[in-house]
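Have a look at the structure below, then the notes.
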Amino acid sequence: EVQLQASGGGLVQAGGSLRLSCAASGFTFDDYSTAWFRQAPGKEREGVSCISSRDGSTHAADSVKGRFTISRINDKKTLYLQITSLNPEDKAAYYCAAKSVILTAPLGTHQYEYDTWGQGTQVTVSS
């Protein structure tokens, strides 16, 4: 069974940092492009950052550039999102996503580009 399991969310003070993880199982992780999305209360889900399947090239949304870093370790079948300088606007459920495509560039940060989704992990920021 193809699965993505996100974890690492929690309550953090503004200005703090957090690392989210997404463990993949049931498929060849190296063959999948991956990304992180988030959905704040009352808002649409938005793409945060994406990373290519093998060469590690990345793309981040302008709203998080410089604060969010996406990475992956294929041997561990795990995707990560390092978040720094958290602010209340970062409060959201964070979702990892994957698509079976091997590219030398990031796939993109549109929902329609991905067909495998994790269950989400909640990030709350206290001011």
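Identifiers in the structure tokens: chain A, B, ... in order shown; residue index from 1 per chain; ligand index from 1 in order shown.
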
Proximity check stretch 45-97 of chain A to stretch 25-32 of chain A, 7 Å, nearest pairs one decimal Å, only C-alpha atoms, as a tab-separated table:
residue	atom	partner	partner_atom	distance
A:Ser53	CA	A:Tyr32	CA	5.2
A:Arg54	CA	A:Asp30	CA	6.1
A:Asn74	CA	A:Asp30	CA	5.8
A:Lys77	CA	A:Phe29	CA	5.7

How would the residues just chosen look if you wrote them out with N, CA, C and O atoms as a compact mmCIF listing (two decimals), in the first residue's frame?
# COMPACT_ATOMS: atom_id res chain seq x y z
N SER A 53 13.00 14.29 -7.63
CA SER A 53 13.07 12.91 -7.14
C SER A 53 14.48 12.48 -6.78
O SER A 53 14.67 11.76 -5.80
N ARG A 54 15.50 12.95 -7.53
CA ARG A 54 16.82 12.37 -7.29
C ARG A 54 17.95 13.38 -7.13
O ARG A 54 18.87 13.14 -6.35
N ASN A 74 16.68 9.77 0.33
CA ASN A 74 16.04 8.67 -0.39
C ASN A 74 16.30 7.32 0.28
O ASN A 74 15.42 6.46 0.28
N LYS A 77 13.82 6.99 2.75
CA LYS A 77 12.46 7.18 2.22
C LYS A 77 11.71 8.24 3.02
O LYS A 77 10.55 8.06 3.40

Next on the checklist: Counting only C-alpha atoms, which residue out of A:Leu79, A:Glu89, A:Cys96, A:Gly120 sits closest to A:Ala14?
Outcome noted: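 Smallest separation from A:Ala14 among the options: A:Glu89.
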
Checklist entry - Could you pull out the helix (DSSP H, G or I) residues of stretch 5-119 of chain A from DSSP and send them as a list in words? => result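 Selecting the helix (DSSP H, G or I) positions of stretch 5-119 of chain A gives Phe29, Asp30, Asp31, Asn74, Asp75, Lys76, Pro88, Glu89, Asp90, Gln111, Tyr112 and Glu113 of chain A.
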
Keeping N, CA and C atoms, export the residues of the selection given above as a CSV table (one decimal), in the first residue's frame.
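See part.csv below for the written result:
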chain,number,residue,atom,x,y,z
A,29,PHE,N,10.6,5.3,-3.4
A,29,PHE,CA,10.7,6.7,-3.1
A,29,PHE,C,11.5,7.5,-4.1
A,30,ASP,N,12.6,6.9,-4.6
A,30,ASP,CA,13.5,7.6,-5.5
A,30,ASP,C,12.8,8.0,-6.8
A,31,ASP,N,11.7,7.3,-7.2
A,31,ASP,CA,11.1,7.5,-8.4
A,31,ASP,C,9.9,8.6,-8.3
A,74,ASN,N,16.7,9.8,0.3
A,74,ASN,CA,16.0,8.7,-0.4
A,74,ASN,C,16.3,7.3,0.3
A,75,ASP,N,17.5,7.1,0.8
A,75,ASP,CA,17.8,5.9,1.5
A,75,ASP,C,16.9,5.6,2.7
A,76,LYS,N,16.4,6.7,3.3
A,76,LYS,CA,15.5,6.6,4.4
A,76,LYS,C,14.0,6.7,4.0
A,88,PRO,N,2.7,33.6,13.5
A,88,PRO,CA,1.4,33.1,13.6
A,88,PRO,C,0.7,32.8,12.2
A,89,GLU,N,1.2,33.4,11.1
A,89,GLU,CA,0.6,33.1,9.8
A,89,GLU,C,1.0,31.7,9.3
A,90,ASP,N,2.0,31.1,9.9
A,90,ASP,CA,2.4,29.7,9.5
A,90,ASP,C,1.5,28.7,10.2
A,111,GLN,N,-1.6,21.5,-6.4
A,111,GLN,CA,-2.2,20.3,-5.9
A,111,GLN,C,-2.4,19.2,-7.0
A,112,TYR,N,-2.8,19.7,-8.2
A,112,TYR,CA,-3.1,18.7,-9.3
A,112,TYR,C,-1.9,18.0,-9.8
A,113,GLU,N,-0.7,18.4,-9.4
A,113,GLU,CA,0.5,17.7,-9.9
A,113,GLU,C,0.8,16.5,-9.1

Checklist entry - If we count only C-alpha atoms, what is near A:Arg38 at a cut-off of 6 Å, once residues fewer than 5 positions away on the same chain are taken out, given as a ChimeraX atom specification? => result /A:45-46,92-95

Using all heavy atoms, can you write the selected residues to a file as a short mmCIF file (atom, residue, chain, number, x, y, z; two decimals), in the first residue's frame?
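Once everything was written out, this is out.cif:
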data_model
loop_
_atom_site.label_atom_id
_atom_site.label_comp_id
_atom_site.auth_asym_id
_atom_site.auth_seq_id
_atom_site.Cartn_x
_atom_site.Cartn_y
_atom_site.Cartn_z
N ARG A 45 -5.74 25.12 0.38
CA ARG A 45 -4.43 24.50 0.51
C ARG A 45 -3.46 25.17 -0.47
O ARG A 45 -3.80 25.40 -1.63
CB ARG A 45 -4.53 23.01 0.22
CG ARG A 45 -3.29 22.22 0.58
CD ARG A 45 -3.52 20.74 0.48
NE ARG A 45 -4.55 20.27 1.40
CZ ARG A 45 -4.85 18.99 1.61
NH1 ARG A 45 -4.18 18.05 0.94
NH2 ARG A 45 -5.79 18.64 2.45
N GLU A 46 -2.27 25.45 0.01
CA GLU A 46 -1.27 26.11 -0.84
C GLU A 46 0.04 25.32 -0.83
O GLU A 46 0.42 24.71 0.17
CB GLU A 46 -1.00 27.53 -0.35
CG GLU A 46 -0.39 27.63 1.03
CD GLU A 46 0.13 29.02 1.37
OE1 GLU A 46 0.37 29.83 0.46
OE2 GLU A 46 0.33 29.28 2.58
N ALA A 92 -1.03 26.09 10.46
CA ALA A 92 -1.74 25.37 9.41
C ALA A 92 -1.53 23.87 9.60
O ALA A 92 -0.67 23.45 10.38
CB ALA A 92 -1.22 25.78 8.03
N ALA A 93 -2.31 23.10 8.88
CA ALA A 93 -2.03 21.68 8.74
C ALA A 93 -1.08 21.52 7.56
O ALA A 93 -1.34 22.08 6.49
CB ALA A 93 -3.31 20.90 8.50
N TYR A 94 0.00 20.81 7.75
CA TYR A 94 1.01 20.64 6.71
C TYR A 94 0.91 19.23 6.15
O TYR A 94 0.88 18.24 6.89
CB TYR A 94 2.40 20.90 7.29
CG TYR A 94 2.68 22.37 7.49
CD1 TYR A 94 2.06 23.08 8.52
CD2 TYR A 94 3.53 23.07 6.63
CE1 TYR A 94 2.28 24.44 8.69
CE2 TYR A 94 3.77 24.43 6.80
CZ TYR A 94 3.14 25.10 7.83
OH TYR A 94 3.36 26.44 8.00
N TYR A 95 0.87 19.16 4.83
CA TYR A 95 0.71 17.90 4.13
C TYR A 95 1.89 17.63 3.21
O TYR A 95 2.36 18.53 2.52
CB TYR A 95 -0.55 17.93 3.27
CG TYR A 95 -1.83 18.13 4.04
CD1 TYR A 95 -2.29 19.41 4.33
CD2 TYR A 95 -2.57 17.04 4.48
CE1 TYR A 95 -3.46 19.61 5.04
CE2 TYR A 95 -3.75 17.23 5.20
CZ TYR A 95 -4.18 18.51 5.47
OH TYR A 95 -5.34 18.69 6.17
#

Next on the checklist: To one decimal place in Å, what is the distance between atom CA of A:Thr78 and atom CA of A:Pro41?
Outcome noted: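 If I compute the distance from atom CA of A:Thr78 to atom CA of A:Pro41, I get 26.7 Å.
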
Checklist entry - Near A:Ser127, within 10 Å and counting only C-alpha atoms, which residues show up once chain neighbours fewer than 2 positions away are dropped, as a ChimeraX atom specification? => result /A:12-15,86-88,124-125

Checklist entry - Just how far from atom CA of A:Ile83 is atom CA of A:Ser21, in Å to one decimal? => result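 Pair atom CA of A:Ser21 / atom CA of A:Ile83 returns 11.2 Å.
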
Next on the checklist: For A:Cys50, find every residue with an atom within 10 Å (counting only C-alpha atoms), except residues of its own chain fewer than 6 positions away, and show them as a list in words.
Outcome noted: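 Here the qualifying residues turn out to be Ser33, Thr34, Ala35, Trp36, Phe37, Gly56, Ser57, Thr58, His59, Ala60, Ala61, Thr69, Ile70, Ser71, Leu81, Cys96, Ala97, Ala98, Ala105, Pro106, Leu107, Gly108, Thr109 and His110 of chain A.
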
Item to check | Selected residue of minimal separation from A:Gln5 among A:Gly66, A:Gly42, A:Gly47, A:Gly118, counting only C-alpha atoms | outcome: A:Gly118

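In this comparison, which uses only C-alpha atoms, the residue of A:Thr121, A:Thr116, A:Ser85, A:Ile73 approaching A:Leu4 most closely is A:Thr116.
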
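Minimum atom-to-atom distances from A:Val48, A:Leu11, A:Ala23, A:Val2 to A:Arg72 were compared using only C-alpha atoms, and the lowest value belongs to A:Ala23.
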
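Distances to A:Glu1 were evaluated for A:Leu18, A:Ala40, A:Ala24, A:Ile51 using only C-alpha atoms, and the minimum falls at A:Ala24.
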
Item to check | strand (DSSP E or B) residues, from DSSP on the backbone, in chain A, as a PyMOL selection string | outcome: chain A and resi 3-7+10-13+18-25+32-39+46-51+58-60+68-73+78-83+92-100+116-117+121-126

Item to check | Atom-to-atom span, atom CA of A:Gly10 and atom CA of A:Val123, Å | outcome: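 The value is 5.0 Å.
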
Checklist entry - Which of these residues is nearest to A:Ser100, using only C-alpha atoms: A:Thr84, A:Ser17, A:Ser126, A:Ser52? => result A:Ser52
